[in-house]
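Source file: final02.tsv (TSV, C-alpha atoms)
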chain	number	residue	atom	x	y	z
A	1	MET	CA	-22.49	-40.98	0.11
A	2	ARG	CA	-20.82	-40.56	3.45
A	3	LEU	CA	-19.65	-37.05	2.54
A	4	ARG	CA	-23.12	-36.15	1.41
A	5	PHE	CA	-24.42	-37.04	4.84
A	6	SER	CA	-21.69	-35.35	6.83
A	7	ALA	CA	-21.40	-32.11	4.83
A	8	PRO	CA	-24.53	-30.46	6.24
A	9	VAL	CA	-23.66	-31.64	9.75
A	10	LEU	CA	-20.14	-30.24	9.47
A	11	THR	CA	-21.42	-26.98	8.02
A	12	PHE	CA	-23.86	-26.61	10.88
A	13	ALA	CA	-21.16	-27.47	13.42
A	14	ALA	CA	-18.81	-24.84	11.96
A	15	ILE	CA	-21.51	-22.15	12.11
A	16	ALA	CA	-22.39	-23.19	15.67
A	17	VAL	CA	-18.75	-22.92	16.80
A	18	VAL	CA	-18.36	-19.44	15.29
A	19	MET	CA	-21.60	-18.21	16.83
A	20	TRP	CA	-20.84	-19.76	20.19
A	21	TYR	CA	-17.51	-17.98	20.23
A	22	ALA	CA	-19.04	-14.68	19.17
A	23	LEU	CA	-21.81	-14.95	21.72
A	24	PHE	CA	-19.55	-15.35	24.72
A	25	ASN	CA	-16.26	-13.76	23.71
A	26	LEU	CA	-17.09	-10.78	21.55
A	27	ASN	CA	-18.73	-7.66	22.84
A	28	PRO	CA	-20.46	-5.71	20.08
A	29	ALA	CA	-20.50	-2.62	22.28
A	30	GLU	CA	-16.70	-2.52	22.31
A	31	ILE	CA	-15.35	-0.81	19.27
A	32	PRO	CA	-11.58	-1.17	19.19
A	33	SER	CA	-9.73	2.13	19.01
A	34	GLU	CA	-8.63	3.19	15.59
A	35	LEU	CA	-5.84	5.21	17.18
A	36	VAL	CA	-3.84	2.35	18.71
A	37	SER	CA	-0.10	2.80	17.97
A	38	LYS	CA	-0.77	6.27	16.59
A	39	PRO	CA	0.28	9.46	18.34
A	40	ALA	CA	-2.32	11.10	20.54
A	41	PRO	CA	-4.18	13.80	18.64
A	42	GLU	CA	-3.23	17.42	19.06
A	43	PHE	CA	-5.07	19.31	21.76
A	44	SER	CA	-4.60	21.84	24.50
A	45	LEU	CA	-7.08	22.24	27.32
A	46	ASP	CA	-7.54	24.34	30.42
A	47	PRO	CA	-7.57	22.49	33.74
A	48	VAL	CA	-10.61	21.82	35.89
A	49	PRO	CA	-10.59	24.96	38.09
A	50	GLY	CA	-8.23	24.34	40.99
A	51	TYR	CA	-6.95	21.05	39.55
A	52	GLY	CA	-4.27	22.35	37.20
A	53	PRO	CA	-2.00	22.42	35.36
A	54	GLY	CA	-3.89	22.05	32.09
A	55	LEU	CA	-3.43	19.26	29.61
A	56	ALA	CA	-2.03	19.29	26.08
A	57	GLN	CA	-0.71	16.77	23.60
A	58	ALA	CA	2.90	17.56	24.55
A	59	ASP	CA	2.17	16.72	28.19
A	60	LEU	CA	1.47	13.11	27.27
A	61	ALA	CA	5.01	12.39	26.06
A	62	THR	CA	6.42	11.97	29.54
A	63	GLY	CA	9.11	9.37	28.96
A	64	LYS	CA	7.08	6.71	30.74
A	65	VAL	CA	3.81	4.87	30.25
A	66	THR	CA	0.87	6.85	31.58
A	67	LEU	CA	-2.91	6.65	31.59
A	68	LEU	CA	-5.32	9.17	30.14
A	69	ASN	CA	-8.70	8.72	31.77
A	70	VAL	CA	-11.80	10.26	30.21
A	71	PHE	CA	-14.20	11.12	33.01
A	72	ALA	CA	-17.16	13.32	33.87
A	73	SER	CA	-19.00	14.23	37.03
A	74	TRP	CA	-22.27	13.03	35.42
A	75	CYS	CA	-20.82	9.61	34.68
A	76	VAL	CA	-21.84	6.91	37.12
A	77	ALA	CA	-19.35	4.30	35.92
A	78	CYS	CA	-16.55	6.82	36.52
A	79	LEU	CA	-17.44	6.76	40.17
A	80	ALA	CA	-17.08	2.98	40.10
A	81	GLU	CA	-13.49	3.09	38.85
A	82	HIS	CA	-12.49	6.13	40.87
A	83	PRO	CA	-11.41	4.33	44.08
A	84	PHE	CA	-9.13	2.11	42.00
A	85	PHE	CA	-7.45	5.16	40.49
A	86	MET	CA	-6.95	6.59	43.99
A	87	GLU	CA	-5.33	3.28	44.91
A	88	LEU	CA	-3.03	3.48	41.85
A	89	LYS	CA	-2.00	6.98	42.86
A	90	LYS	CA	-1.33	5.88	46.41
A	91	GLN	CA	0.84	2.99	45.26
A	92	ASN	CA	2.50	5.28	42.72
A	93	LEU	CA	2.14	2.62	40.02
A	94	VAL	CA	1.31	4.86	37.10
A	95	GLU	CA	0.58	8.53	36.47
A	96	ILE	CA	-2.97	9.31	35.45
A	97	TYR	CA	-4.12	12.29	33.45
A	98	GLY	CA	-7.77	13.31	33.52
A	99	LEU	CA	-9.71	14.38	30.46
A	100	ASN	CA	-12.91	15.88	31.78
A	101	TYR	CA	-15.50	15.18	29.09
A	102	LYS	CA	-18.45	17.49	28.40
A	103	ASP	CA	-18.78	18.62	31.96
A	104	LYS	CA	-19.42	21.89	33.75
A	105	PRO	CA	-16.25	23.32	35.33
A	106	ASN	CA	-17.89	23.73	38.72
A	107	ALA	CA	-19.46	20.30	38.71
A	108	ALA	CA	-16.13	18.73	37.78
A	109	ALA	CA	-14.26	20.60	40.51
A	110	GLN	CA	-16.87	19.64	43.10
A	111	TRP	CA	-16.73	16.02	42.00
A	112	LEU	CA	-12.93	15.94	42.36
A	113	ASN	CA	-13.18	17.69	45.70
A	114	ARG	CA	-15.68	15.16	47.01
A	115	HIS	CA	-14.04	12.00	45.66
A	116	ARG	CA	-10.37	13.17	45.79
A	117	ASN	CA	-8.12	13.77	42.82
A	118	PRO	CA	-6.10	10.92	41.30
A	119	TYR	CA	-4.91	12.98	38.31
A	120	GLU	CA	-1.52	14.62	37.76
A	121	ARG	CA	-3.07	17.02	35.28
A	122	THR	CA	-6.61	17.66	34.14
A	123	GLY	CA	-8.06	19.12	30.98
A	124	MET	CA	-11.62	20.27	30.40
A	125	ASP	CA	-13.07	19.22	27.07
A	126	LEU	CA	-16.21	21.32	27.39
A	127	LYS	CA	-17.57	20.72	23.89
A	128	GLY	CA	-16.40	17.14	23.55
A	129	ARG	CA	-14.33	17.89	20.46
A	130	VAL	CA	-11.07	16.57	21.90
A	131	GLY	CA	-12.99	13.46	22.93
A	132	ILE	CA	-14.11	12.97	19.34
A	133	ASP	CA	-10.51	13.43	18.13
A	134	PHE	CA	-9.61	10.62	20.52
A	135	GLY	CA	-12.48	8.50	19.20
A	136	VAL	CA	-14.29	8.60	22.53
A	137	TYR	CA	-17.88	7.41	22.29
A	138	GLY	CA	-18.77	7.05	25.94
A	139	VAL	CA	-17.32	7.65	29.38
A	140	PRO	CA	-15.32	6.27	31.02
A	141	GLU	CA	-12.61	5.36	28.57
A	142	THR	CA	-8.98	5.01	29.50
A	143	PHE	CA	-6.08	5.32	27.09
A	144	VAL	CA	-2.70	3.78	27.81
A	145	ILE	CA	-0.12	6.26	26.55
A	146	SER	CA	3.43	5.29	25.65
A	147	ALA	CA	6.58	7.10	26.73
A	148	ASP	CA	6.63	9.10	23.51
A	149	GLY	CA	2.95	10.01	23.64
A	150	LYS	CA	1.52	7.29	21.41
A	151	ILE	CA	-1.71	5.47	22.20
A	152	LEU	CA	-0.98	1.86	23.17
A	153	ASP	CA	-4.45	0.67	24.09
A	154	LYS	CA	-7.90	1.89	25.00
A	155	ILE	CA	-10.04	0.45	27.76
A	156	ILE	CA	-13.75	0.97	27.35
A	157	GLY	CA	-15.71	1.18	30.57
A	158	PRO	CA	-14.47	1.27	34.14
A	159	VAL	CA	-10.95	0.06	34.87
A	160	SER	CA	-10.93	-2.64	37.52
A	161	LYS	CA	-8.00	-4.38	39.14
A	162	ASP	CA	-8.51	-7.36	36.82
A	163	ILE	CA	-8.47	-5.23	33.71
A	164	PHE	CA	-5.43	-3.35	35.03
A	165	ASP	CA	-3.55	-6.59	35.61
A	166	ILE	CA	-4.44	-8.04	32.23
A	167	ARG	CA	-4.19	-5.05	29.95
A	168	ILE	CA	-2.21	-2.27	31.58
A	169	ARG	CA	0.37	-3.96	33.79
A	170	PRO	CA	2.03	-5.84	30.86
A	171	LEU	CA	2.41	-2.54	28.98
A	172	LEU	CA	3.97	-0.95	32.04
A	173	LYS	CA	6.35	-3.87	32.42
A	174	GLU	CA	7.29	-3.82	28.75
A	175	ALA	CA	8.26	-0.18	29.05
A	176	GLY	CA	10.19	-0.98	32.21
A	177	SER	CA	8.62	1.70	34.32
B	1	MET	CA	-69.44	-5.37	12.81
B	2	LYS	CA	-67.93	-5.21	16.25
B	3	SER	CA	-64.53	-6.46	15.13
B	4	GLY	CA	-64.60	-4.11	12.16
B	5	LEU	CA	-65.05	-1.18	14.49
B	6	ARG	CA	-62.25	-2.37	16.72
B	7	SER	CA	-59.77	-2.66	13.88
B	8	LEU	CA	-60.78	0.80	12.71
B	9	ILE	CA	-60.06	2.24	16.15
B	10	LEU	CA	-56.72	0.41	16.29
B	11	ALA	CA	-55.82	1.66	12.84
B	12	LEU	CA	-56.61	5.22	13.87
B	13	LEU	CA	-54.52	4.81	17.02
B	14	PHE	CA	-51.49	3.46	15.22
B	15	ALA	CA	-51.59	5.58	12.07
B	16	PRO	CA	-49.96	8.62	13.71
B	17	MET	CA	-47.12	6.45	15.01
B	18	VAL	CA	-46.36	5.18	11.53
B	19	LEU	CA	-46.52	8.67	10.10
B	20	LEU	CA	-44.39	10.16	12.87
B	21	SER	CA	-41.77	7.45	12.77
B	22	THR	CA	-40.89	8.34	9.19
B	23	SER	CA	-40.02	11.87	10.19
B	24	ALA	CA	-37.82	11.04	13.18
B	25	VAL	CA	-34.89	13.14	12.04
B	26	PHE	CA	-33.06	15.43	14.39
B	27	ILE	CA	-32.13	18.81	13.08
B	28	GLU	CA	-30.63	21.31	15.51
B	29	GLU	CA	-29.43	23.73	12.95
B	30	ARG	CA	-29.67	24.08	9.24
B	31	LEU	CA	-27.01	25.17	6.84
B	32	ASP	CA	-28.06	28.22	4.85
B	33	ASP	CA	-27.25	26.61	1.54
B	34	PRO	CA	-29.99	24.00	0.96
B	35	GLU	CA	-27.71	21.99	-1.30
B	36	MET	CA	-25.06	21.75	1.44
B	37	GLU	CA	-27.73	20.92	4.01
B	38	ALA	CA	-28.97	18.09	1.80
B	39	ARG	CA	-25.41	16.78	1.44
B	40	ALA	CA	-24.83	17.01	5.20
B	41	ARG	CA	-27.96	14.97	5.80
B	42	GLU	CA	-27.06	12.43	3.17
B	43	ILE	CA	-23.63	11.92	4.75
B	44	SER	CA	-25.13	11.78	8.24
B	45	ALA	CA	-27.58	9.09	7.12
B	46	GLY	CA	-24.59	6.87	6.30
B	47	ILE	CA	-22.70	7.43	9.57
B	48	ARG	CA	-23.29	4.96	12.38
B	49	CYS	CA	-24.19	6.29	15.78
B	50	LEU	CA	-21.55	4.71	18.02
B	51	VAL	CA	-23.78	4.78	21.06
B	52	CYS	CA	-26.86	3.13	19.58
B	53	GLN	CA	-24.88	1.19	16.97
B	54	ASN	CA	-27.59	0.36	14.47
B	55	GLN	CA	-28.95	3.81	13.88
B	56	SER	CA	-27.44	6.47	11.73
B	57	ILE	CA	-26.42	9.68	13.44
B	58	LEU	CA	-29.25	11.32	11.52
B	59	ASP	CA	-31.82	9.14	13.29
B	60	SER	CA	-30.28	9.17	16.74
B	61	ASN	CA	-30.91	11.56	19.58
B	62	ALA	CA	-27.77	10.49	21.45
B	63	ASP	CA	-25.51	13.31	22.54
B	64	LEU	CA	-22.56	12.03	20.59
B	65	ALA	CA	-24.70	11.72	17.45
B	66	LYS	CA	-25.65	15.36	17.87
B	67	ASP	CA	-21.98	16.35	18.07
B	68	LEU	CA	-21.12	14.25	15.06
B	69	ARG	CA	-23.98	15.77	13.04
B	70	GLN	CA	-22.60	19.16	13.90
B	71	ILE	CA	-19.13	18.14	12.79
B	72	VAL	CA	-20.53	16.85	9.49
B	73	ARG	CA	-22.29	20.19	8.92
B	74	GLU	CA	-19.13	22.11	9.76
B	75	ARG	CA	-17.02	20.05	7.42
B	76	VAL	CA	-19.55	20.35	4.60
B	77	SER	CA	-19.78	24.11	5.02
B	78	LEU	CA	-15.97	24.28	4.91
B	79	GLY	CA	-16.34	22.95	1.38
B	80	GLU	CA	-15.02	19.44	1.93
B	81	ASP	CA	-16.33	16.76	-0.39
B	82	ASP	CA	-18.32	13.79	0.92
B	83	ASP	CA	-15.38	11.37	1.04
B	84	LYS	CA	-13.26	13.85	2.96
B	85	VAL	CA	-15.96	14.31	5.59
B	86	ARG	CA	-16.33	10.55	5.99
B	87	GLU	CA	-12.56	10.16	6.19
B	88	PHE	CA	-12.48	12.62	9.09
B	89	LEU	CA	-14.74	10.31	11.06
B	90	VAL	CA	-13.11	7.07	9.89
B	91	ILE	CA	-9.71	8.29	11.16
B	92	ARG	CA	-11.24	8.68	14.61
B	93	TYR	CA	-13.73	5.86	14.85
B	94	GLY	CA	-12.62	3.37	12.20
B	95	ASP	CA	-14.47	1.84	9.27
B	96	TRP	CA	-17.16	0.74	11.66
B	97	VAL	CA	-18.55	4.26	11.72
B	98	LEU	CA	-19.71	3.84	8.13
B	99	LEU	CA	-23.02	2.02	7.82
B	100	ASP	CA	-21.92	0.87	4.36
B	101	PRO	CA	-18.43	-0.57	4.73
B	102	GLN	CA	-15.90	0.45	2.12
B	103	PHE	CA	-14.92	-2.01	-0.58
B	104	LYS	CA	-11.30	-2.93	0.07
B	105	LEU	CA	-9.10	-5.94	0.70
B	106	SER	CA	-10.05	-6.42	4.35
B	107	THR	CA	-13.77	-6.17	3.56
B	108	LEU	CA	-13.59	-8.36	0.46
B	109	PHE	CA	-15.15	-11.35	2.18
B	110	LEU	CA	-17.88	-9.17	3.64
B	111	TRP	CA	-18.91	-7.94	0.22
B	112	LEU	CA	-18.28	-11.04	-1.87
B	113	GLY	CA	-18.93	-13.67	0.81
B	114	PRO	CA	-22.69	-13.90	0.27
B	115	ALA	CA	-22.27	-14.24	-3.50
B	116	VAL	CA	-19.56	-16.87	-3.08
B	117	ILE	CA	-21.66	-18.83	-0.59
B	118	PHE	CA	-24.67	-18.56	-2.90
B	119	ILE	CA	-22.67	-19.89	-5.83
B	120	MET	CA	-21.31	-22.75	-3.70
B	121	GLY	CA	-24.82	-23.57	-2.52
B	122	ALA	CA	-26.20	-23.43	-6.05
B	123	PHE	CA	-23.40	-25.71	-7.24
B	124	ALA	CA	-24.07	-28.17	-4.42
B	125	ALA	CA	-27.79	-28.13	-5.18
B	126	PHE	CA	-27.08	-28.62	-8.88
B	127	MET	CA	-24.81	-31.60	-8.20
B	128	PHE	CA	-27.33	-33.10	-5.81
B	129	LEU	CA	-30.23	-32.80	-8.24
B	130	ARG	CA	-28.19	-34.10	-11.14
B	131	GLY	CA	-27.09	-37.08	-9.06
B	132	ARG	CA	-30.71	-37.86	-8.26
B	133	ASN	CA	-31.83	-37.68	-11.88
B	134	ARG	CA	-29.03	-39.96	-12.92
B	135	GLN	CA	-29.99	-42.88	-10.72
B	136	PRO	CA	-32.56	-44.36	-13.16
B	137	ASP	CA	-29.92	-44.13	-15.93
B	138	MET	CA	-27.64	-46.35	-13.90
B	139	GLU	CA	-30.24	-49.11	-13.90
B	140	VAL	CA	-30.56	-48.90	-17.63
B	141	ALA	CA	-26.81	-49.01	-17.92
B	142	ASN	CA	-26.89	-52.36	-16.14
B	143	GLU	CA	-27.86	-54.11	-19.32
B	144	LEU	CA	-28.40	-57.84	-19.38
B	145	THR	CA	-26.07	-60.10	-21.23
B	146	ALA	CA	-27.38	-62.06	-24.19
B	147	ASP	CA	-27.64	-65.24	-22.12
B	148	GLU	CA	-29.56	-63.53	-19.36
B	149	GLU	CA	-31.82	-61.94	-21.96
B	150	ALA	CA	-32.64	-65.33	-23.37
B	151	GLU	CA	-33.24	-66.80	-19.96
B	152	LEU	CA	-35.53	-63.95	-19.02
B	153	LYS	CA	-37.44	-64.25	-22.27
B	154	ASP	CA	-37.81	-67.92	-21.60
B	155	LEU	CA	-39.21	-67.25	-18.15
B	156	ILE	CA	-41.68	-64.67	-19.36
B	157	ASN	CA	-42.77	-66.44	-22.51
B	158	PRO	CA	-42.07	-70.10	-21.88
B	159	GLU	CA	-41.95	-72.07	-25.10
B	160	THR	CA	-43.02	-75.09	-23.13
B	161	ASP	CA	-46.43	-75.49	-21.52
B	162	ARG	CA	-46.84	-76.34	-17.87
B	163	PHE	CA	-46.35	-79.99	-18.57
B	164	GLY	CA	-42.96	-79.31	-20.08
B	165	ARG	CA	-44.09	-80.07	-23.58
B	166	ASN	CA	-42.89	-78.05	-26.50
B	167	SER	CA	-45.66	-76.26	-28.21
As structure tokens:
Amino acid sequence: MRLRFSAPVLTFAAIAVVMWYALFNLNPAEIPSELVSKPAPEFSLDPVPGYGPGLAQADLATGKVTLLNVFASWCVACLAEHPFFMELKKQNLVEIYGLNYKDKPNAAAQWLNRHRNPYERTGMDLKGRVGIDFGVYGVPETFVISADGKILDKIIGPVSKDIFDIRIRPLLKEAGS
Amino acid sequence: MKSGLRSLILALLFAPMVLLSTSAVFIEERLDDPEMEARAREISAGIRCLVCQNQSILDSNADLAKDLRQIVRERVSLGEDDDKVREFLVIRYGDWVLLDPQFKLSTLFLWLGPAVIFIMGAFAAFMFLRGRNRQPDMEVANELTADEEAELKDLINPETDRFGRNS
């Protein structure tokens, strides 16, 4: 009799806990990358004019952990994370490569000229095909690339100091760079 | 009369929206082979637009959906079969890109969960209803002993009158 009374209450409580967790801890807009722990896809791109050298798959296997940032001059959130990338460059914490996504060469060059260039190399993905190979579905996205050119993690949306400390710094430390 | 007219006007206003909404499909280009075009659209209808999330790429006007539609058309015209085209996208975007998830070990609960929960619920309901029907039986099962029976009979049909005399 006691069980009969408590079963519906417990069932409801279990559902409530799951939904509470999902409501505050899961973000349906964040689709985890399918490519984590796989090698970066093959590609070879020309640089944003004046911001060479270009970018190819082989350039990502640098022997240390690096970042591959997908950006565009038309992307507002990219502007939000840009000062932080300049800061990273200044502190020489990690090398950043820029994948310019579906942009116009001139617009991209102007944007980098105006806001400064944090990237070691840039590549122009004019048609967005390389982005699709990387599973990009919005800008900005930032891939953490291992020493041998594998994808370690993907950060969706602007990278802030908090996100860097939580998700990127441990990967840098692990690799000892 | 007045309200009849108003609903007629409203119906006329909204009818085009209903009609138009059924044809909200974006086609930039068409494959020459109508059979391939039909296949490309069928595949596209089952691919989730990652930007809008609950629309297929066939229904979405997002930029990425447009690119993905184009990729589907390219793959189809290269002669790849439907599964191969879907696999191309799943490799890049994961199972989530399919509006109908595949049936495999990690999606077992997703597919069978509702049936299992339904069966559990039906079983619980069955047990509950059976328990309720049984309650009267339990009273019957509490049969009186012979002595009690006699005593009861005596109380109901007293063999003595109210003065205690035997009749």
What separation in Å, quoted to one decimal, exists between atom CA of Leu12 of chain B and atom CA of Asp59 of chain B? 25.1 Å
Could you work out an axis-aligned box for segment 60-63 of chain A, taking every atom the file lists and adding 3 Å on each side, and report centre and edge lengths in Å to one decimal, as JSON?
{"center_x": 5.3, "center_y": 11.2, "center_z": 27.8, "size_x": 13.6, "size_y": 9.7, "size_z": 9.5}
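Contacts from chain B to chain A at a cut-off of 6 Å (all atoms listed in the file) map to Arg92, Tyr93 and Gly94 of chain B.
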Asp32 of chain B surroundings by all atoms listed in the file, 12 Å radius, close-in-sequence under 2 positions cut, as a list in words: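 Close residues of Asp32 of chain B: Glu29, Arg30, Pro34, Glu35, Met36, Glu37, Ala38, Ala40, Arg73, Glu74, Val76 and Ser77 of chain B.
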Separation of atom CA of Leu152 of chain A from atom CA of Leu67 of chain A in Å: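 Result for atom CA of Leu67 of chain A versus atom CA of Leu152 of chain A: 9.9 Å, one decimal.
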If you count all atoms listed in the file, which residues fall within 10 Å of Phe84 of chain A, apart from same-chain ones fewer than 3 positions away, as a JSON list (two decimals) with C-alpha atoms, in the frame of the given file?
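Resulting contents of result.json:
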[["chain", "number", "residue", "atom", "x", "y", "z"],
["A", 79, "LEU", "CA", -17.44, 6.76, 40.17],
["A", 80, "ALA", "CA", -17.08, 2.98, 40.10],
["A", 81, "GLU", "CA", -13.49, 3.09, 38.85],
["A", 87, "GLU", "CA", -5.33, 3.28, 44.91],
["A", 88, "LEU", "CA", -3.03, 3.48, 41.85],
["A", 89, "LYS", "CA", -2.00, 6.98, 42.86],
["A", 90, "LYS", "CA", -1.33, 5.88, 46.41],
["A", 118, "PRO", "CA", -6.10, 10.92, 41.30],
["A", 158, "PRO", "CA", -14.47, 1.27, 34.14],
["A", 159, "VAL", "CA", -10.95, 0.06, 34.87],
["A", 160, "SER", "CA", -10.93, -2.64, 37.52],
["A", 161, "LYS", "CA", -8.00, -4.38, 39.14],
["A", 164, "PHE", "CA", -5.43, -3.35, 35.03]]
Determine, counting all atoms listed in the file, every residue of protein, DNA or RNA that lies within 8 Å of (-30.4, 7.6, 22.8) in the file coordinates, then give the result as a ChimeraX atom specification. /B:51-52,60-63
Mind filling out segment 28-52 of chain B with N, CA and C atoms and sending it as a PDB file, in the coordinates of the input?
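The result, stored in part.pdb:
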ATOM      1  N   GLU B  28     -30.811  20.219  14.553  1.00  0.00           N
ATOM      2  CA  GLU B  28     -30.630  21.310  15.510  1.00  0.00           C
ATOM      3  C   GLU B  28     -30.476  22.617  14.772  1.00  0.00           C
ATOM      4  N   GLU B  29     -29.698  22.519  13.708  1.00  0.00           N
ATOM      5  CA  GLU B  29     -29.430  23.730  12.950  1.00  0.00           C
ATOM      6  C   GLU B  29     -29.450  23.352  11.478  1.00  0.00           C
ATOM      7  N   ARG B  30     -29.560  24.321  10.664  1.00  0.00           N
ATOM      8  CA  ARG B  30     -29.670  24.080   9.240  1.00  0.00           C
ATOM      9  C   ARG B  30     -28.611  24.916   8.568  1.00  0.00           C
ATOM     10  N   LEU B  31     -27.943  24.351   7.594  1.00  0.00           N
ATOM     11  CA  LEU B  31     -27.010  25.170   6.840  1.00  0.00           C
ATOM     12  C   LEU B  31     -27.809  26.069   5.899  1.00  0.00           C
ATOM     13  N   ASP B  32     -27.310  27.254   5.662  1.00  0.00           N
ATOM     14  CA  ASP B  32     -28.060  28.220   4.850  1.00  0.00           C
ATOM     15  C   ASP B  32     -28.248  27.723   3.421  1.00  0.00           C
ATOM     16  N   ASP B  33     -27.178  27.118   2.909  1.00  0.00           N
ATOM     17  CA  ASP B  33     -27.250  26.610   1.540  1.00  0.00           C
ATOM     18  C   ASP B  33     -28.021  25.280   1.535  1.00  0.00           C
ATOM     19  N   PRO B  34     -29.198  25.240   0.902  1.00  0.00           N
ATOM     20  CA  PRO B  34     -29.990  24.000   0.960  1.00  0.00           C
ATOM     21  C   PRO B  34     -29.272  22.810   0.331  1.00  0.00           C
ATOM     22  N   GLU B  35     -28.431  23.091  -0.652  1.00  0.00           N
ATOM     23  CA  GLU B  35     -27.710  21.990  -1.300  1.00  0.00           C
ATOM     24  C   GLU B  35     -26.715  21.360  -0.314  1.00  0.00           C
ATOM     25  N   MET B  36     -26.020  22.230   0.437  1.00  0.00           N
ATOM     26  CA  MET B  36     -25.060  21.750   1.440  1.00  0.00           C
ATOM     27  C   MET B  36     -25.799  21.012   2.559  1.00  0.00           C
ATOM     28  N   GLU B  37     -26.935  21.549   2.959  1.00  0.00           N
ATOM     29  CA  GLU B  37     -27.730  20.920   4.010  1.00  0.00           C
ATOM     30  C   GLU B  37     -28.140  19.512   3.572  1.00  0.00           C
ATOM     31  N   ALA B  38     -28.571  19.406   2.313  1.00  0.00           N
ATOM     32  CA  ALA B  38     -28.970  18.090   1.800  1.00  0.00           C
ATOM     33  C   ALA B  38     -27.790  17.132   1.810  1.00  0.00           C
ATOM     34  N   ARG B  39     -26.610  17.637   1.437  1.00  0.00           N
ATOM     35  CA  ARG B  39     -25.410  16.780   1.440  1.00  0.00           C
ATOM     36  C   ARG B  39     -25.068  16.352   2.861  1.00  0.00           C
ATOM     37  N   ALA B  40     -25.143  17.321   3.801  1.00  0.00           N
ATOM     38  CA  ALA B  40     -24.830  17.010   5.200  1.00  0.00           C
ATOM     39  C   ALA B  40     -25.751  15.911   5.715  1.00  0.00           C
ATOM     40  N   ARG B  41     -27.018  15.998   5.333  1.00  0.00           N
ATOM     41  CA  ARG B  41     -27.960  14.970   5.800  1.00  0.00           C
ATOM     42  C   ARG B  41     -27.696  13.630   5.147  1.00  0.00           C
ATOM     43  N   GLU B  42     -27.335  13.681   3.876  1.00  0.00           N
ATOM     44  CA  GLU B  42     -27.060  12.430   3.170  1.00  0.00           C
ATOM     45  C   GLU B  42     -25.851  11.725   3.793  1.00  0.00           C
ATOM     46  N   ILE B  43     -24.815  12.508   4.108  1.00  0.00           N
ATOM     47  CA  ILE B  43     -23.630  11.920   4.750  1.00  0.00           C
ATOM     48  C   ILE B  43     -24.007  11.384   6.126  1.00  0.00           C
ATOM     49  N   SER B  44     -24.744  12.194   6.888  1.00  0.00           N
ATOM     50  CA  SER B  44     -25.130  11.780   8.240  1.00  0.00           C
ATOM     51  C   SER B  44     -25.925  10.485   8.231  1.00  0.00           C
ATOM     52  N   ALA B  45     -26.752  10.304   7.206  1.00  0.00           N
ATOM     53  CA  ALA B  45     -27.580   9.090   7.120  1.00  0.00           C
ATOM     54  C   ALA B  45     -26.713   7.846   6.957  1.00  0.00           C
ATOM     55  N   GLY B  46     -25.466   8.029   6.502  1.00  0.00           N
ATOM     56  CA  GLY B  46     -24.590   6.870   6.300  1.00  0.00           C
ATOM     57  C   GLY B  46     -23.564   6.704   7.403  1.00  0.00           C
ATOM     58  N   ILE B  47     -23.659   7.516   8.462  1.00  0.00           N
ATOM     59  CA  ILE B  47     -22.700   7.430   9.570  1.00  0.00           C
ATOM     60  C   ILE B  47     -23.389   6.743  10.751  1.00  0.00           C
ATOM     61  N   ARG B  48     -22.713   5.723  11.275  1.00  0.00           N
ATOM     62  CA  ARG B  48     -23.290   4.960  12.380  1.00  0.00           C
ATOM     63  C   ARG B  48     -23.171   5.738  13.685  1.00  0.00           C
ATOM     64  N   CYS B  49     -24.241   5.737  14.438  1.00  0.00           N
ATOM     65  CA  CYS B  49     -24.190   6.290  15.780  1.00  0.00           C
ATOM     66  C   CYS B  49     -23.486   5.275  16.659  1.00  0.00           C
ATOM     67  N   LEU B  50     -22.372   5.686  17.298  1.00  0.00           N
ATOM     68  CA  LEU B  50     -21.550   4.710  18.020  1.00  0.00           C
ATOM     69  C   LEU B  50     -22.178   4.310  19.335  1.00  0.00           C
ATOM     70  N   VAL B  51     -23.126   5.094  19.792  1.00  0.00           N
ATOM     71  CA  VAL B  51     -23.780   4.780  21.060  1.00  0.00           C
ATOM     72  C   VAL B  51     -24.897   3.762  20.838  1.00  0.00           C
ATOM     73  N   CYS B  52     -25.713   4.019  19.799  1.00  0.00           N
ATOM     74  CA  CYS B  52     -26.860   3.130  19.580  1.00  0.00           C
ATOM     75  C   CYS B  52     -26.547   2.037  18.570  1.00  0.00           C
TER      76      CYS B  52
END
